[in-house]
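Source file: my_file33.cif. Holds: mmCIF, C-alpha atoms (C1' of nucleotides).
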```cif
data_work
loop_
_atom_site.label_atom_id
_atom_site.label_comp_id
_atom_site.auth_asym_id
_atom_site.auth_seq_id
_atom_site.Cartn_x
_atom_site.Cartn_y
_atom_site.Cartn_z
CA MET B 1 163.91 72.91 83.28
CA TYR B 2 164.16 70.98 86.54
CA THR B 3 166.51 71.22 89.49
CA VAL B 4 168.00 68.17 91.15
CA LYS B 5 165.31 68.14 93.79
CA GLU B 6 162.51 68.40 91.27
CA VAL B 7 163.75 65.68 89.00
CA ALA B 8 164.43 63.47 92.01
CA ALA B 9 160.82 63.88 93.13
CA LEU B 10 159.58 63.33 89.60
CA LEU B 11 161.44 60.05 89.15
CA ASP B 12 161.20 58.99 92.77
CA MET B 13 164.85 58.85 93.68
CA THR B 14 166.96 60.69 96.21
CA ASN B 15 168.82 63.90 95.40
CA HIS B 16 172.00 62.04 96.24
CA THR B 17 171.33 59.34 93.70
CA VAL B 18 170.52 61.86 90.98
CA ARG B 19 173.80 63.62 91.59
CA TYR B 20 175.65 60.32 91.75
CA TYR B 21 174.32 59.22 88.36
CA THR B 22 175.17 62.51 86.73
CA ASP B 23 178.65 62.43 88.27
CA GLN B 24 179.15 58.96 86.81
CA GLY B 25 178.47 60.38 83.38
CA LEU B 26 175.20 58.52 82.92
CA VAL B 27 173.29 61.59 81.79
CA PRO B 28 174.59 63.05 78.52
CA ASN B 29 174.39 66.74 77.74
CA LEU B 30 173.50 67.76 81.24
CA ARG B 31 173.33 71.54 81.45
CA ARG B 32 174.36 73.78 84.30
CA ASP B 33 173.10 77.24 85.13
CA ASP B 34 175.43 80.17 85.75
CA HIS B 35 175.86 79.03 89.36
CA ASN B 36 176.94 75.55 88.33
CA ASN B 37 173.62 74.03 89.38
CA ARG B 38 172.46 71.02 87.41
CA LEU B 39 169.57 71.76 85.08
CA PHE B 40 167.46 68.96 83.63
CA ASP B 41 165.49 69.44 80.44
CA GLU B 42 163.10 66.91 78.89
CA ALA B 43 165.91 65.01 77.18
CA THR B 44 168.05 64.67 80.29
CA VAL B 45 165.05 63.56 82.32
CA LYS B 46 164.52 60.83 79.74
CA TRP B 47 168.11 59.70 80.05
CA LEU B 48 167.77 59.61 83.79
CA LEU B 49 164.59 57.57 83.53
CA CYS B 50 166.39 55.15 81.23
CA VAL B 51 169.21 54.82 83.74
CA LYS B 52 166.72 54.23 86.52
CA HIS B 53 164.97 51.43 84.68
CA LEU B 54 168.17 49.71 83.62
CA ARG B 55 169.56 50.04 87.11
CA HIS B 56 166.41 48.49 88.55
CA CYS B 57 166.99 45.57 86.21
CA GLY B 58 170.20 45.05 88.14
CA MET B 59 172.46 46.34 85.40
CA PRO B 60 175.75 47.66 86.84
CA ILE B 61 176.58 51.33 86.45
CA ASP B 62 179.47 50.54 84.12
CA ASP B 63 177.26 48.55 81.77
CA ILE B 64 174.71 51.34 81.74
CA LYS B 65 177.51 53.72 80.89
CA THR B 66 178.39 51.52 77.94
CA TYR B 67 174.80 51.44 76.77
CA ILE B 68 174.48 55.21 76.99
CA SER B 69 177.66 55.58 74.98
CA LEU B 70 176.30 53.27 72.32
CA CYS B 71 173.20 55.41 72.14
CA GLN B 72 175.35 58.43 71.41
CA GLU B 73 177.17 56.72 68.58
CA GLY B 74 174.24 56.62 66.21
CA ASP B 75 172.48 54.00 64.15
CA SER B 76 175.49 51.75 63.72
CA THR B 77 175.00 50.50 67.27
CA VAL B 78 171.29 49.74 67.04
CA LYS B 79 171.78 45.99 66.80
CA GLU B 80 173.97 45.89 69.86
CA ARG B 81 171.55 48.05 71.80
CA TYR B 82 168.69 45.85 70.71
CA GLU B 83 170.46 42.80 72.12
CA ILE B 84 171.18 44.56 75.38
CA MET B 85 167.55 45.54 75.76
CA ARG B 86 166.38 42.05 74.88
CA ARG B 87 168.44 40.70 77.74
CA GLN B 88 167.04 43.28 80.12
CA GLN B 89 163.58 42.42 78.90
CA ALA B 90 164.14 38.85 80.03
CA VAL B 91 165.48 40.07 83.36
CA ALA B 92 162.48 42.33 83.83
CA LEU B 93 160.05 39.51 83.15
CA THR B 94 161.79 37.32 85.70
CA GLN B 95 161.56 40.17 88.19
CA LEU B 96 157.84 40.42 87.58
CA GLU B 97 157.38 36.74 88.34
CA GLU B 98 159.46 37.04 91.47
CA ALA B 99 157.45 40.03 92.60
CA LYS B 100 154.27 38.01 92.23
CA GLN B 101 155.70 35.12 94.20
CA ARG B 102 156.85 37.48 96.88
CA ILE B 103 153.40 38.97 97.14
CA ALA B 104 151.80 35.53 97.35
CA TYR B 105 154.17 34.62 100.15
CA ILE B 106 153.57 37.79 102.11
CA ASP B 107 149.83 37.70 101.55
CA GLU B 108 149.71 34.30 103.14
CA LYS B 109 151.72 35.47 106.13
CA VAL B 110 149.52 38.50 106.59
CA GLY B 111 146.44 36.30 106.32
CA ASN B 112 147.75 33.91 108.95
CA TYR B 113 148.64 36.67 111.36
CA PHE B 114 145.31 38.36 110.79
CA ASP B 115 143.44 35.18 111.61
CA ILE B 116 145.40 34.68 114.78
CA LEU B 117 144.81 38.23 115.90
CA ASN B 118 141.10 37.85 115.25
CA GLY B 119 140.91 34.73 117.31
CA ALA B 120 140.44 32.24 114.55
CA THR B 121 139.92 28.80 115.96
CA ASP B 122 141.43 25.61 114.66
CA ASP B 123 139.17 25.24 111.65
CA LYS B 124 142.18 26.28 109.64
CA ASP B 125 145.21 24.13 109.81
CA TYR B 126 148.13 26.50 110.27
CA ASP B 127 151.63 25.41 109.67
CA LYS B 128 153.16 26.43 112.96
CA SER B 129 156.60 26.58 111.43
CA THR B 130 155.65 29.64 109.45
CA TYR B 131 155.40 32.04 112.35
CA MET C 1 168.53 17.33 104.32
CA TYR C 2 170.20 19.74 101.91
CA THR C 3 173.76 20.98 101.58
CA VAL C 4 174.59 24.62 100.96
CA LYS C 5 174.84 24.05 97.25
CA GLU C 6 171.53 22.24 97.05
CA VAL C 7 169.58 24.78 99.02
CA ALA C 8 171.22 27.57 97.03
CA ALA C 9 170.06 25.96 93.79
CA LEU C 10 166.62 25.33 95.24
CA LEU C 11 166.09 28.94 96.29
CA ASP C 12 168.08 30.46 93.45
CA MET C 13 170.80 32.20 95.38
CA THR C 14 174.56 31.81 95.47
CA ASN C 15 176.36 29.52 97.90
CA HIS C 16 178.09 32.59 99.26
CA THR C 17 174.82 34.32 100.03
CA VAL C 18 173.41 31.27 101.76
CA ARG C 19 176.46 31.09 103.97
CA TYR C 20 176.36 34.82 104.58
CA TYR C 21 172.75 34.67 105.75
CA THR C 22 173.40 31.77 108.07
CA ASP C 23 176.50 33.48 109.45
CA GLN C 24 174.37 36.54 110.19
CA GLY C 25 172.11 34.40 112.32
CA LEU C 26 169.12 34.70 109.99
CA VAL C 27 168.45 30.97 109.96
CA PRO C 28 167.48 29.60 113.38
CA ASN C 29 168.29 26.06 114.41
CA LEU C 30 170.65 25.42 111.58
CA ARG C 31 172.22 21.99 111.99
CA ARG C 32 175.73 20.89 111.15
CA ASP C 33 176.96 17.40 110.31
CA ASP C 34 179.93 15.81 112.04
CA HIS C 35 182.25 17.64 109.66
CA ASN C 36 180.78 21.01 110.51
CA ASN C 37 178.98 21.25 107.18
CA ARG C 38 175.70 23.15 107.19
CA LEU C 39 172.66 20.92 106.87
CA PHE C 40 169.27 22.35 105.89
CA ASP C 41 166.06 20.56 106.77
CA GLU C 42 162.56 21.61 105.69
CA ALA C 43 162.24 24.12 108.51
CA THR C 44 165.55 25.85 107.84
CA VAL C 45 164.79 26.01 104.13
CA LYS C 46 161.56 27.81 105.04
CA TRP C 47 163.44 30.31 107.17
CA LEU C 48 165.84 30.92 104.33
CA LEU C 49 162.97 31.44 101.92
CA CYS C 50 161.45 33.92 104.32
CA VAL C 51 164.74 35.79 104.55
CA LYS C 52 165.01 35.84 100.78
CA HIS C 53 161.55 37.32 100.29
CA LEU C 54 162.00 39.95 102.98
CA ARG C 55 165.41 40.84 101.62
CA HIS C 56 163.95 41.24 98.15
CA CYS C 57 161.47 43.66 99.64
CA GLY C 58 164.50 45.76 100.50
CA MET C 59 164.39 45.01 104.21
CA PRO C 60 167.87 45.40 105.76
CA ILE C 61 169.55 42.35 107.28
CA ASP C 62 169.27 43.80 110.77
CA ASP C 63 165.53 44.29 110.46
CA ILE C 64 165.13 40.75 109.18
CA LYS C 65 167.11 39.58 112.17
CA THR C 66 164.68 41.38 114.43
CA TYR C 67 161.71 39.81 112.67
CA ILE C 68 163.19 36.33 112.95
CA SER C 69 163.78 36.91 116.65
CA LEU C 70 160.18 37.98 117.11
CA CYS C 71 159.09 34.79 115.40
CA GLN C 72 161.03 32.79 117.97
CA GLU C 73 159.43 34.56 120.89
CA GLY C 74 156.00 33.06 120.41
CA ASP C 75 152.46 34.36 120.11
CA SER C 76 153.03 37.52 122.15
CA THR C 77 154.74 39.07 119.15
CA VAL C 78 152.11 38.24 116.54
CA LYS C 79 150.73 41.76 116.38
CA GLU C 80 154.14 43.27 115.83
CA ARG C 81 154.97 40.71 113.18
CA TYR C 82 151.64 41.36 111.50
CA GLU C 83 152.45 45.04 111.24
CA ILE C 84 155.88 44.33 109.83
CA MET C 85 154.42 42.06 107.18
CA ARG C 86 151.72 44.59 106.33
CA ARG C 87 154.41 47.13 105.59
CA GLN C 88 156.29 44.68 103.42
CA GLN C 89 153.06 43.87 101.66
CA ALA C 90 152.77 47.50 100.65
CA VAL C 91 156.39 47.52 99.53
CA ALA C 92 155.88 44.37 97.49
CA LEU C 93 152.84 45.84 95.74
CA THR C 94 154.80 48.94 94.84
CA GLN C 95 157.57 46.74 93.48
CA LEU C 96 155.06 44.91 91.31
CA GLU C 97 153.85 48.17 89.81
CA GLU C 98 157.40 49.30 89.21
CA ALA C 99 158.21 46.00 87.53
CA LYS C 100 155.28 46.48 85.18
CA GLN C 101 156.36 50.02 84.32
CA ARG C 102 159.88 48.82 83.72
CA ILE C 103 158.62 46.15 81.37
CA ALA C 104 156.47 48.63 79.48
CA TYR C 105 159.47 50.91 79.08
CA ILE C 106 161.77 48.16 77.88
CA ASP C 107 159.15 46.64 75.59
CA GLU C 108 158.85 49.94 73.81
CA LYS C 109 162.60 50.23 73.38
CA VAL C 110 162.84 46.70 72.06
CA GLY C 111 159.99 47.40 69.67
CA ASN C 112 161.65 50.54 68.38
CA TYR C 113 164.98 48.85 67.86
CA PHE C 114 163.30 45.91 66.20
CA ASP C 115 161.51 48.16 63.75
CA ILE C 116 164.71 49.97 62.88
CA LEU C 117 166.58 46.72 62.33
CA ASN C 118 163.80 45.50 60.09
CA GLY C 119 163.93 48.59 57.97
CA ALA C 120 160.73 50.18 59.08
CA THR C 121 160.08 53.35 57.13
CA ASP C 122 158.80 56.61 58.51
CA ASP C 123 155.18 55.50 58.86
CA LYS C 124 155.89 55.40 62.55
CA ASP C 125 156.92 58.58 64.25
CA TYR C 126 159.87 57.68 66.44
CA ASP C 127 161.06 59.93 69.14
CA LYS C 128 164.69 60.17 68.14
CA SER C 129 165.65 61.16 71.66
CA THR C 130 164.94 57.64 72.86
CA TYR C 131 167.78 55.94 71.10
"C1'" DT U 1 170.44 92.07 107.71
"C1'" DA U 2 169.86 87.72 108.95
"C1'" DT U 3 167.89 83.52 108.26
"C1'" DT U 4 166.15 79.98 105.31
"C1'" DG U 5 166.70 76.67 101.94
"C1'" DA U 6 168.43 74.56 98.02
"C1'" DC U 7 172.39 74.14 95.50
"C1'" DT U 8 177.56 72.72 95.06
"C1'" DT U 9 181.94 69.48 95.91
"C1'" DC U 10 184.28 66.16 98.42
"C1'" DG U 11 185.47 62.41 101.20
"C1'" DG U 12 184.50 58.99 104.44
"C1'" DG U 13 181.04 55.38 105.98
"C1'" DT U 14 177.72 51.56 105.27
"C1'" DT U 15 175.39 47.57 103.46
"C1'" DA U 16 175.29 43.44 101.37
"C1'" DC U 17 177.38 40.93 99.13
"C1'" DT U 18 181.47 38.77 96.37
"C1'" DC U 19 185.65 36.64 95.82
"C1'" DG U 20 189.52 33.90 96.66
"C1'" DA U 21 192.94 31.79 99.52
"C1'" DA U 22 194.02 27.95 102.45
"C1'" DG U 23 192.66 23.86 104.20
"C1'" DG U 24 189.64 19.49 105.30
"C1'" DT U 25 186.96 15.31 103.68
"C1'" DG U 26 185.24 11.65 100.95
"C1'" DA U 27 184.49 9.31 96.57
"C1'" DT U 28 186.24 7.87 92.38
"C1'" DA U 29 189.99 6.94 88.87
"C1'" DT U 30 194.80 5.08 87.79
"C1'" DA Z 1 197.98 3.61 97.31
"C1'" DT Z 2 197.57 7.95 95.58
"C1'" DA Z 3 195.97 11.46 92.90
"C1'" DT Z 4 192.34 14.21 91.41
"C1'" DC Z 5 187.93 15.82 91.86
"C1'" DA Z 6 184.19 18.18 93.93
"C1'" DC Z 7 182.45 19.49 97.52
"C1'" DC Z 8 182.67 21.67 102.12
"C1'" DT Z 9 184.76 24.95 105.78
"C1'" DT Z 10 186.61 29.80 107.79
"C1'" DC Z 11 188.39 34.17 107.22
"C1'" DG Z 12 189.57 38.46 105.55
"C1'" DA Z 13 189.90 41.63 101.98
"C1'" DG Z 14 187.55 43.91 97.99
"C1'" DT Z 15 183.63 46.02 95.59
"C1'" DA Z 16 179.31 48.41 94.02
"C1'" DA Z 17 176.16 51.62 94.87
"C1'" DC Z 18 174.79 54.44 97.42
"C1'" DC Z 19 174.35 57.50 101.77
"C1'" DC Z 20 175.53 61.07 104.70
"C1'" DG Z 21 177.29 65.23 106.39
"C1'" DA Z 22 180.54 68.98 106.42
"C1'" DA Z 23 181.70 73.33 104.44
"C1'" DG Z 24 180.79 76.70 101.29
"C1'" DT Z 25 177.88 79.54 97.68
"C1'" DC Z 26 173.95 81.98 96.33
"C1'" DA Z 27 168.91 84.03 96.04
"C1'" DA Z 28 164.91 85.12 98.16
"C1'" DT Z 29 162.35 86.38 101.99
"C1'" DA Z 30 161.17 88.26 107.06
#
```

What does this structure look like when you write it as structure tokens?
Amino acid sequence: MYTVKEVAALLDMTNHTVRYYTDQGLVPNLRRDDHNNRLFDEATVKWLLCVKHLRHCGMPIDDIKTYISLCQEGDSTVKERYEIMRRQQAVALTQLEEAKQRIAYIDEKVGNYFDILNGATDDKDYDKSTY
Amino acid sequence: MYTVKEVAALLDMTNHTVRYYTDQGLVPNLRRDDHNNRLFDEATVKWLLCVKHLRHCGMPIDDIKTYISLCQEGDSTVKERYEIMRRQQAVALTQLEEAKQRIAYIDEKVGNYFDILNGATDDKDYDKSTY
DNA sequence: TATTGACTTCGGGTTACTCGAAGGTGATAT
DNA sequence: ATATCACCTTCGAGTAACCCGAAGTCAATA
């Protein structure tokens, strides 16, 4: 059983965000202790992780809510859930490519700056417009 | 020379976002034609690309503005810019790892759903809590 | 006993878009 | 000639997803 703080640390989000997601009804069957404090068991942590991943795909809260509801409805919704996840799979792959491009871009910048700081001479042809 | 729409398509952002960034002063030396329409040359497209990458690292608009200003100030700010980019490099690497984890998570979901849809029997031991 | 610290709810604030209205321009179609 | 596009512009309001802090509760520790 985890508290808000613990689960936030575990999944690398803020306490505020954890509470926000639970308040939005994105975490089914969330328990409370006798002082009304949120208590996360293994299952609720998994839901929260699912929410986190979908959210990081750019899926809006309301759409995540829909997906979670479908999950609760049983096997009849498997096809629909499959299609949702397939779409997020495509999104996630695009994100990966973008992340790589971003890294390539930044690596080049860092390299350029590094060379300048270390007094590289003009044996490299810098594009002045990039700094 | 590109119009808003063209540069938006080129860099894969919305027209609105392109205008928003320029209005925020994130694109130095942006030209206008005689009808006040924004005109992007190679240099301004590069600035916009830089803004896009930094923004996707999660850098706030105001911080990007600061970075752009430093760029305009000449070589005296190279060290500071280097340090900024080093930090974003770390962020970008973290994002890459997260993207990979996200993909692994979603791939597993998709695989599970696929197996169910294709009438897989119980030779695989599904964790029921994940659907 | 008093302080510490983590929890709660609630409501306002912030960021970065996002949208649409209202209007201008220039090219093409009737 | 004029209408209809398809762009562009500014501006201001709306939205999503946090983000923060106040005010209060409770348990454990100094």

Gap from atom CA of Leu96 of chain B to atom CA of Gly111 of chain B - Å, one decimal: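 Separation of atom CA of Leu96 of chain B and atom CA of Gly111 of chain B: 22.3 Å.
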
Residue hits in chain Z, query chain B, radius 12 Å, all atoms listed in the file, as a PyMOL selection string: chain Z and resi 15-21+25-27

Any chance you could tabulate, as JSON lines, the residues of chain C at most 6 Å from chain B with each one's nearest atom pair and distance in Å to one decimal, using all atoms listed in the file, in chain and rising number order?
```
{"residue": "C:His53", "atom": "CA", "partner": "B:Arg102", "partner_atom": "CA", "distance": 5.8}
{"residue": "C:Cys71", "atom": "CA", "partner": "B:Tyr131", "partner_atom": "CA", "distance": 5.5}
{"residue": "C:Tyr82", "atom": "CA", "partner": "B:Tyr113", "partner_atom": "CA", "distance": 5.6}
{"residue": "C:Ala92", "atom": "CA", "partner": "B:Ile103", "partner_atom": "CA", "distance": 6.0}
{"residue": "C:Leu96", "atom": "CA", "partner": "B:Ala99", "partner_atom": "CA", "distance": 5.6}
{"residue": "C:Ala99", "atom": "CA", "partner": "B:Leu96", "partner_atom": "CA", "distance": 5.6}
{"residue": "C:Arg102", "atom": "CA", "partner": "B:His53", "partner_atom": "CA", "distance": 5.8}
{"residue": "C:Ile103", "atom": "CA", "partner": "B:Ala92", "partner_atom": "CA", "distance": 6.0}
{"residue": "C:Tyr113", "atom": "CA", "partner": "B:Tyr82", "partner_atom": "CA", "distance": 5.6}
{"residue": "C:Tyr131", "atom": "CA", "partner": "B:Cys71", "partner_atom": "CA", "distance": 5.5}
```

Any chance you can output those residues with C-alpha atoms as a compact mmCIF listing (two decimals), in the frame of the given file?
```
# COMPACT_ATOMS: atom_id res chain seq x y z
CA HIS C 53 161.55 37.32 100.29
CA CYS C 71 159.09 34.79 115.40
CA TYR C 82 151.64 41.36 111.50
CA ALA C 92 155.88 44.37 97.49
CA LEU C 96 155.06 44.91 91.31
CA ALA C 99 158.21 46.00 87.53
CA ARG C 102 159.88 48.82 83.72
CA ILE C 103 158.62 46.15 81.37
CA TYR C 113 164.98 48.85 67.86
CA TYR C 131 167.78 55.94 71.10
```

Per-residue nearest contacts of chain U to chain B (10 Å; only C-alpha atoms (C1' of nucleotides)) as CSV:
```
residue,atom,partner,partner_atom,distance
U:DA6,C1',B:Lys5,CA,8.3
U:DC7,C1',B:Asn37,CA,6.2
U:DT8,C1',B:Asn37,CA,7.0
```

I'd like the neighbourhood of DA27 of chain U as JSON, numbers by chain, where a residue qualifies if any of its atoms comes within 12 Å (using all atoms listed in the file), though same-chain residues fewer than 5 positions away should be ignored. {"Z": [4, 5, 6, 7]}

For a test of reading the model, state the distance in Å between atom CA of Phe40 of chain B and atom CA of Val7 of chain B, rounded to one decimal. 7.3 Å

Residue nearest DA13 of chain Z - candidates U:DT18, U:DT30, U:DG23, U:DT3, atoms counted: all atoms listed in the file: U:DT18

Expand the PyMOL selection byres ((chain Z and resi 29) around 12) into the individual residues it matches in the shown file, reporting them as a VMD selection string. (chain U and resid 1 to 5) or (chain Z and resid 27 to 28 30)

Reference answer for the PyMOL selection byres ((chain U and resi 24) around 8), as number ranges by chain: U: 23, 25; Z: 8-9

In Å, rounded to a single decimal, give me how far atom CA of Leu48 of chain B is from atom CA of Arg32 of chain B.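 About the pair atom CA of Arg32 of chain B and atom CA of Leu48 of chain B: they are 15.6 Å apart.
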